[in-house]
Amino acid sequence: MTSAPIGPRLAQAEVLDAVGHGVRLIDVHAWPLTIGRALDNDIALPDPHVAAHHATLAPDADGQLRLIVGDTRNGVRIEHRGSGLQLRANEQAPLHAGARLHLGHSQLLLRLPQDALATELPLLHGLAAGPRWLVPGMAMLALVWVLLARWVGSDADTKWNEYLAPMLGGGAVLFLWCLVWGLASKLFTGRFTLMPHLRIALVFALVMQGLDLLLMVLAYSLDWPLLSHLRPAATFVVGAVWLTQHLRQVLPKHTRAAAGWVAACTVLGFAVAMVSSWRRSDRVLEELYAPNLMPPAWRLARGAPVQDLVNDLRTLEQPLRARAAKAKAEDYEP
């Protein structure tokens, strides 16, 4: 007994679960293609939210592939290039390349021979990729940075064991941070990846610290206080890009949505920070602050006469008196 010959592959259907993981590949050798929960369908979906004969895919007279919705209460949602179309029972619509079908909690991707293939993606992309020496090199640089910051901010009689706390604490926080992102990658992509998140964390931690120091030094050297005022804003921006890079590894198919969500949260967080600063100190931006005095040799701007400083201090008398009177009135209890 010989089996019937199989015709050419007309399409390939990929069945995805609710989170977008591929669970099955089906070769299509003939039209129409029926989809539903009943076993007589070409694609049987074990989804209680899918009807017995949920939908049918078939070309029309012009050869255009169309989706025909069957007798179902949930219908079918078609997603294509960021837009969505909801079809109800007995409705139909043409299918375009790259369209994703949502049937109940299941998803279906249809690939046709004429569809353009995307370029091959590397296993790691962006900041997650790099040579093998990158992680050890950045880890050593971060360690030197922590020790140097501790040495600059410590007293002359600081003992060596007091340097262990920031080293061990910083390493533990970094490990837990990357571990959480690695578990998130396992949850959404099915792969536990730790090294890509470690590379990203080291790069952005060093960039954030370096940019903060650079703005503080330039504000002092060039006498541009605005640069120091912008340090919180720069921290927000770098932190947003940092978080976006992690989300690119966790949600590679939703990078735009993740970037938009992070941008919205960043704008909202910065607005809340400015409102809090205004209520606390009547300033939109934080006051100037430098944890350590910088060498006078770093000062490039010309110094102002002492009398100018005295005159500026005199102008502060009335605002300070007004703020003191306001505070006294607010604290008064009859």
# chains A, B, ... in the order shown; residues from 1 in each chain; ligands from 1
>>> residues_around(residues="region 93-98 of chain A", least_positions_apart="2", cutoff="9 Å", atoms="only C-alpha atoms", output="ChimeraX atom specification")
/A:57,59,64-69,78-81,87,91,100,109-112,114-116
>>> write_last_selection(atoms="C-alpha atoms", output="CSV table (one decimal), in the first residue's frame")
chain,number,residue,atom,x,y,z
A,57,LEU,CA,-8.1,30.3,5.3
A,59,PRO,CA,-7.6,32.1,-1.5
A,64,GLN,CA,-5.6,36.7,-2.4
A,65,LEU,CA,-5.6,34.7,0.8
A,66,ARG,CA,-8.7,35.5,3.0
A,67,LEU,CA,-9.7,34.7,6.5
A,68,ILE,CA,-13.3,33.6,6.9
A,69,VAL,CA,-14.6,33.5,10.5
A,78,ILE,CA,-5.9,40.2,13.1
A,79,GLU,CA,-2.7,42.2,14.0
A,80,HIS,CA,-0.6,43.6,11.3
A,81,ARG,CA,2.2,46.2,11.6
A,87,LEU,CA,-13.7,40.1,13.0
A,91,GLU,CA,-17.1,38.0,8.7
A,100,ARG,CA,-0.8,37.5,13.3
A,109,LEU,CA,1.4,33.0,12.2
A,110,LEU,CA,1.1,32.1,8.5
A,111,ARG,CA,4.2,32.2,6.3
A,112,LEU,CA,3.7,32.1,2.5
A,114,GLN,CA,6.3,35.0,-1.5
A,115,ASP,CA,6.8,36.6,2.0
A,116,ALA,CA,10.1,38.4,2.4
>>> select_by_dssp(residues="region 8-156 of chain A", states="alpha helix (DSSP H)", output="ChimeraX atom specification")
/A:134-152
>>> closest_residue(among="A:His21, A:Lys326, A:Arg73, A:His246", to="Leu108 (chain A)", atoms="only C-alpha atoms")
A:His21
>>> closest_residue(among="A:Leu211, A:Leu103, A:Leu164, A:Val250", to="Lys186 (chain A)", atoms="only C-alpha atoms")
A:Val250
>>> residues_around(residues="region 261-276 of chain A", least_positions_apart="6", cutoff="9 Å", atoms="only C-alpha atoms", output="list in words")
Pro232, Ala233, Phe236, Val237, Gly239, Ala240, Val241, Leu243, Thr244, Arg283, Val284, Leu285 and Glu286 of chain A
>>> write_last_selection(atoms="C-alpha atoms", output="PDB file, in the first residue's frame")
ATOM      1  CA  PRO A 232      19.133  64.199  37.997  1.00  0.00           C
ATOM      2  CA  ALA A 233      17.713  64.496  34.476  1.00  0.00           C
ATOM      3  CA  PHE A 236      16.724  59.506  34.575  1.00  0.00           C
ATOM      4  CA  VAL A 237      17.616  59.309  30.873  1.00  0.00           C
ATOM      5  CA  GLY A 239      18.354  54.732  33.646  1.00  0.00           C
ATOM      6  CA  ALA A 240      15.560  54.644  31.057  1.00  0.00           C
ATOM      7  CA  VAL A 241      17.907  53.474  28.305  1.00  0.00           C
ATOM      8  CA  LEU A 243      15.975  49.469  31.505  1.00  0.00           C
ATOM      9  CA  THR A 244      15.069  49.430  27.802  1.00  0.00           C
ATOM     10  CA  ARG A 283      12.984  74.818  43.235  1.00  0.00           C
ATOM     11  CA  VAL A 284      12.167  72.805  40.130  1.00  0.00           C
ATOM     12  CA  LEU A 285      15.684  71.359  40.022  1.00  0.00           C
ATOM     13  CA  GLU A 286      17.728  70.161  42.957  1.00  0.00           C
TER      14      GLU A 286
END
>>> closest_residue(among="A:Gln86, A:Gln209, A:Thr189, A:Asn41", to="Leu141 (chain A)", atoms="only C-alpha atoms")
A:Gln209
>>> residues_around(residues="Leu179 (chain A)", least_positions_apart="6", cutoff="10 Å", atoms="only C-alpha atoms", output="list in words")
Val173, Ser185, Phe192, Thr193, Leu194, Met195, His197 and Leu198 of chain A
>>> closest_residue(among="A:Ala297, A:Ala118, A:Ile200, A:Met216", to="Met138 (chain A)", atoms="only C-alpha atoms")
A:Ile200
>>> atom_distance(atom1="CA of Arg37 (chain A)", atom2="CA of Leu251 (chain A)")
29.3 Å
>>> decode(residues="region 207-242 of chain A", atoms="N, CA, C and O atoms", output="PDB file, in the first residue's frame")
ATOM      1  N   VAL A 207      28.525  54.099  32.932  1.00  0.00           N
ATOM      2  CA  VAL A 207      28.140  55.310  32.194  1.00  0.00           C
ATOM      3  C   VAL A 207      27.415  56.287  33.107  1.00  0.00           C
ATOM      4  O   VAL A 207      27.663  57.499  33.066  1.00  0.00           O
ATOM      5  N   MET A 208      26.531  55.787  33.947  1.00  0.00           N
ATOM      6  CA  MET A 208      25.780  56.663  34.846  1.00  0.00           C
ATOM      7  C   MET A 208      26.699  57.371  35.829  1.00  0.00           C
ATOM      8  O   MET A 208      26.595  58.599  36.027  1.00  0.00           O
ATOM      9  N   GLN A 209      27.631  56.629  36.432  1.00  0.00           N
ATOM     10  CA  GLN A 209      28.555  57.242  37.378  1.00  0.00           C
ATOM     11  C   GLN A 209      29.505  58.213  36.677  1.00  0.00           C
ATOM     12  O   GLN A 209      29.787  59.306  37.186  1.00  0.00           O
ATOM     13  N   GLY A 210      30.003  57.812  35.505  1.00  0.00           N
ATOM     14  CA  GLY A 210      30.916  58.687  34.777  1.00  0.00           C
ATOM     15  C   GLY A 210      30.256  59.964  34.308  1.00  0.00           C
ATOM     16  O   GLY A 210      30.850  61.056  34.374  1.00  0.00           O
ATOM     17  N   LEU A 211      29.024  59.880  33.815  1.00  0.00           N
ATOM     18  CA  LEU A 211      28.317  61.080  33.361  1.00  0.00           C
ATOM     19  C   LEU A 211      28.012  62.014  34.520  1.00  0.00           C
ATOM     20  O   LEU A 211      28.120  63.244  34.379  1.00  0.00           O
ATOM     21  N   ASP A 212      27.638  61.452  35.661  1.00  0.00           N
ATOM     22  CA  ASP A 212      27.374  62.290  36.826  1.00  0.00           C
ATOM     23  C   ASP A 212      28.635  63.041  37.251  1.00  0.00           C
ATOM     24  O   ASP A 212      28.583  64.245  37.544  1.00  0.00           O
ATOM     25  N   LEU A 213      29.767  62.348  37.269  1.00  0.00           N
ATOM     26  CA  LEU A 213      31.024  63.004  37.625  1.00  0.00           C
ATOM     27  C   LEU A 213      31.423  64.045  36.588  1.00  0.00           C
ATOM     28  O   LEU A 213      31.888  65.143  36.942  1.00  0.00           O
ATOM     29  N   LEU A 214      31.224  63.733  35.313  1.00  0.00           N
ATOM     30  CA  LEU A 214      31.596  64.673  34.257  1.00  0.00           C
ATOM     31  C   LEU A 214      30.791  65.962  34.342  1.00  0.00           C
ATOM     32  O   LEU A 214      31.354  67.064  34.209  1.00  0.00           O
ATOM     33  N   LEU A 215      29.483  65.851  34.565  1.00  0.00           N
ATOM     34  CA  LEU A 215      28.664  67.055  34.679  1.00  0.00           C
ATOM     35  C   LEU A 215      29.060  67.888  35.893  1.00  0.00           C
ATOM     36  O   LEU A 215      29.087  69.124  35.829  1.00  0.00           O
ATOM     37  N   MET A 216      29.387  67.223  36.990  1.00  0.00           N
ATOM     38  CA  MET A 216      29.786  67.947  38.189  1.00  0.00           C
ATOM     39  C   MET A 216      31.121  68.669  37.987  1.00  0.00           C
ATOM     40  O   MET A 216      31.289  69.833  38.379  1.00  0.00           O
ATOM     41  N   VAL A 217      32.073  67.992  37.336  1.00  0.00           N
ATOM     42  CA  VAL A 217      33.382  68.613  37.096  1.00  0.00           C
ATOM     43  C   VAL A 217      33.261  69.766  36.111  1.00  0.00           C
ATOM     44  O   VAL A 217      33.867  70.837  36.301  1.00  0.00           O
ATOM     45  N   LEU A 218      32.496  69.589  35.037  1.00  0.00           N
ATOM     46  CA  LEU A 218      32.336  70.661  34.058  1.00  0.00           C
ATOM     47  C   LEU A 218      31.610  71.860  34.659  1.00  0.00           C
ATOM     48  O   LEU A 218      31.935  73.016  34.339  1.00  0.00           O
ATOM     49  N   ALA A 219      30.614  71.604  35.505  1.00  0.00           N
ATOM     50  CA  ALA A 219      29.921  72.714  36.152  1.00  0.00           C
ATOM     51  C   ALA A 219      30.879  73.528  37.008  1.00  0.00           C
ATOM     52  O   ALA A 219      30.793  74.769  37.054  1.00  0.00           O
ATOM     53  N   TYR A 220      31.797  72.857  37.681  1.00  0.00           N
ATOM     54  CA  TYR A 220      32.792  73.556  38.506  1.00  0.00           C
ATOM     55  C   TYR A 220      33.858  74.235  37.651  1.00  0.00           C
ATOM     56  O   TYR A 220      34.206  75.396  37.877  1.00  0.00           O
ATOM     57  N   SER A 221      34.357  73.537  36.655  1.00  0.00           N
ATOM     58  CA  SER A 221      35.461  74.082  35.866  1.00  0.00           C
ATOM     59  C   SER A 221      35.037  75.257  34.997  1.00  0.00           C
ATOM     60  O   SER A 221      35.755  76.254  34.882  1.00  0.00           O
ATOM     61  N   LEU A 222      33.863  75.152  34.383  1.00  0.00           N
ATOM     62  CA  LEU A 222      33.404  76.174  33.446  1.00  0.00           C
ATOM     63  C   LEU A 222      32.463  77.190  34.074  1.00  0.00           C
ATOM     64  O   LEU A 222      32.023  78.116  33.387  1.00  0.00           O
ATOM     65  N   ASP A 223      32.137  76.991  35.363  1.00  0.00           N
ATOM     66  CA  ASP A 223      31.208  77.874  36.060  1.00  0.00           C
ATOM     67  C   ASP A 223      29.849  77.895  35.370  1.00  0.00           C
ATOM     68  O   ASP A 223      29.269  78.950  35.113  1.00  0.00           O
ATOM     69  N   TRP A 224      29.356  76.694  35.031  1.00  0.00           N
ATOM     70  CA  TRP A 224      28.023  76.531  34.449  1.00  0.00           C
ATOM     71  C   TRP A 224      27.170  75.734  35.429  1.00  0.00           C
ATOM     72  O   TRP A 224      27.117  74.503  35.366  1.00  0.00           O
ATOM     73  N   PRO A 225      26.503  76.388  36.362  1.00  0.00           N
ATOM     74  CA  PRO A 225      25.705  75.642  37.357  1.00  0.00           C
ATOM     75  C   PRO A 225      24.606  74.791  36.732  1.00  0.00           C
ATOM     76  O   PRO A 225      24.177  73.795  37.329  1.00  0.00           O
ATOM     77  N   LEU A 226      24.143  75.173  35.520  1.00  0.00           N
ATOM     78  CA  LEU A 226      23.069  74.408  34.897  1.00  0.00           C
ATOM     79  C   LEU A 226      23.470  72.952  34.667  1.00  0.00           C
ATOM     80  O   LEU A 226      22.635  72.048  34.770  1.00  0.00           O
ATOM     81  N   LEU A 227      24.744  72.703  34.387  1.00  0.00           N
ATOM     82  CA  LEU A 227      25.193  71.329  34.170  1.00  0.00           C
ATOM     83  C   LEU A 227      25.009  70.483  35.421  1.00  0.00           C
ATOM     84  O   LEU A 227      24.634  69.314  35.339  1.00  0.00           O
ATOM     85  N   SER A 228      25.261  71.082  36.565  1.00  0.00           N
ATOM     86  CA  SER A 228      25.062  70.338  37.806  1.00  0.00           C
ATOM     87  C   SER A 228      23.572  70.145  38.098  1.00  0.00           C
ATOM     88  O   SER A 228      23.161  69.112  38.631  1.00  0.00           O
ATOM     89  N   HIS A 229      22.754  71.141  37.721  1.00  0.00           N
ATOM     90  CA  HIS A 229      21.311  70.993  37.901  1.00  0.00           C
ATOM     91  C   HIS A 229      20.757  69.859  37.044  1.00  0.00           C
ATOM     92  O   HIS A 229      19.735  69.252  37.392  1.00  0.00           O
ATOM     93  N   LEU A 230      21.396  69.591  35.897  1.00  0.00           N
ATOM     94  CA  LEU A 230      20.898  68.581  34.967  1.00  0.00           C
ATOM     95  C   LEU A 230      21.310  67.159  35.357  1.00  0.00           C
ATOM     96  O   LEU A 230      20.950  66.218  34.640  1.00  0.00           O
ATOM     97  N   ARG A 231      22.050  66.999  36.421  1.00  0.00           N
ATOM     98  CA  ARG A 231      22.488  65.658  36.809  1.00  0.00           C
ATOM     99  C   ARG A 231      21.326  64.712  37.094  1.00  0.00           C
ATOM    100  O   ARG A 231      21.337  63.560  36.628  1.00  0.00           O
ATOM    101  N   PRO A 232      20.262  65.128  37.827  1.00  0.00           N
ATOM    102  CA  PRO A 232      19.133  64.199  37.997  1.00  0.00           C
ATOM    103  C   PRO A 232      18.465  63.827  36.681  1.00  0.00           C
ATOM    104  O   PRO A 232      18.076  62.665  36.480  1.00  0.00           O
ATOM    105  N   ALA A 233      18.325  64.802  35.767  1.00  0.00           N
ATOM    106  CA  ALA A 233      17.713  64.496  34.476  1.00  0.00           C
ATOM    107  C   ALA A 233      18.559  63.496  33.693  1.00  0.00           C
ATOM    108  O   ALA A 233      18.032  62.569  33.060  1.00  0.00           O
ATOM    109  N   ALA A 234      19.886  63.681  33.728  1.00  0.00           N
ATOM    110  CA  ALA A 234      20.766  62.738  33.030  1.00  0.00           C
ATOM    111  C   ALA A 234      20.659  61.339  33.634  1.00  0.00           C
ATOM    112  O   ALA A 234      20.686  60.332  32.911  1.00  0.00           O
ATOM    113  N   THR A 235      20.522  61.265  34.943  1.00  0.00           N
ATOM    114  CA  THR A 235      20.362  59.963  35.591  1.00  0.00           C
ATOM    115  C   THR A 235      19.074  59.287  35.157  1.00  0.00           C
ATOM    116  O   THR A 235      19.042  58.073  34.895  1.00  0.00           O
ATOM    117  N   PHE A 236      17.989  60.062  35.042  1.00  0.00           N
ATOM    118  CA  PHE A 236      16.724  59.506  34.575  1.00  0.00           C
ATOM    119  C   PHE A 236      16.851  58.967  33.154  1.00  0.00           C
ATOM    120  O   PHE A 236      16.362  57.876  32.842  1.00  0.00           O
ATOM    121  N   VAL A 237      17.507  59.725  32.276  1.00  0.00           N
ATOM    122  CA  VAL A 237      17.616  59.309  30.873  1.00  0.00           C
ATOM    123  C   VAL A 237      18.465  58.046  30.739  1.00  0.00           C
ATOM    124  O   VAL A 237      18.087  57.083  30.055  1.00  0.00           O
ATOM    125  N   VAL A 238      19.620  58.038  31.402  1.00  0.00           N
ATOM    126  CA  VAL A 238      20.483  56.851  31.329  1.00  0.00           C
ATOM    127  C   VAL A 238      19.780  55.645  31.936  1.00  0.00           C
ATOM    128  O   VAL A 238      19.852  54.524  31.406  1.00  0.00           O
ATOM    129  N   GLY A 239      19.087  55.841  33.041  1.00  0.00           N
ATOM    130  CA  GLY A 239      18.354  54.732  33.646  1.00  0.00           C
ATOM    131  C   GLY A 239      17.262  54.197  32.738  1.00  0.00           C
ATOM    132  O   GLY A 239      17.023  52.979  32.692  1.00  0.00           O
ATOM    133  N   ALA A 240      16.595  55.097  31.982  1.00  0.00           N
ATOM    134  CA  ALA A 240      15.560  54.644  31.057  1.00  0.00           C
ATOM    135  C   ALA A 240      16.144  53.811  29.930  1.00  0.00           C
ATOM    136  O   ALA A 240      15.599  52.757  29.563  1.00  0.00           O
ATOM    137  N   VAL A 241      17.263  54.253  29.365  1.00  0.00           N
ATOM    138  CA  VAL A 241      17.907  53.474  28.305  1.00  0.00           C
ATOM    139  C   VAL A 241      18.414  52.145  28.857  1.00  0.00           C
ATOM    140  O   VAL A 241      18.340  51.100  28.188  1.00  0.00           O
ATOM    141  N   TRP A 242      18.925  52.160  30.067  1.00  0.00           N
ATOM    142  CA  TRP A 242      19.389  50.941  30.752  1.00  0.00           C
ATOM    143  C   TRP A 242      18.251  49.925  30.847  1.00  0.00           C
ATOM    144  O   TRP A 242      18.398  48.751  30.474  1.00  0.00           O
TER     145      TRP A 242
END
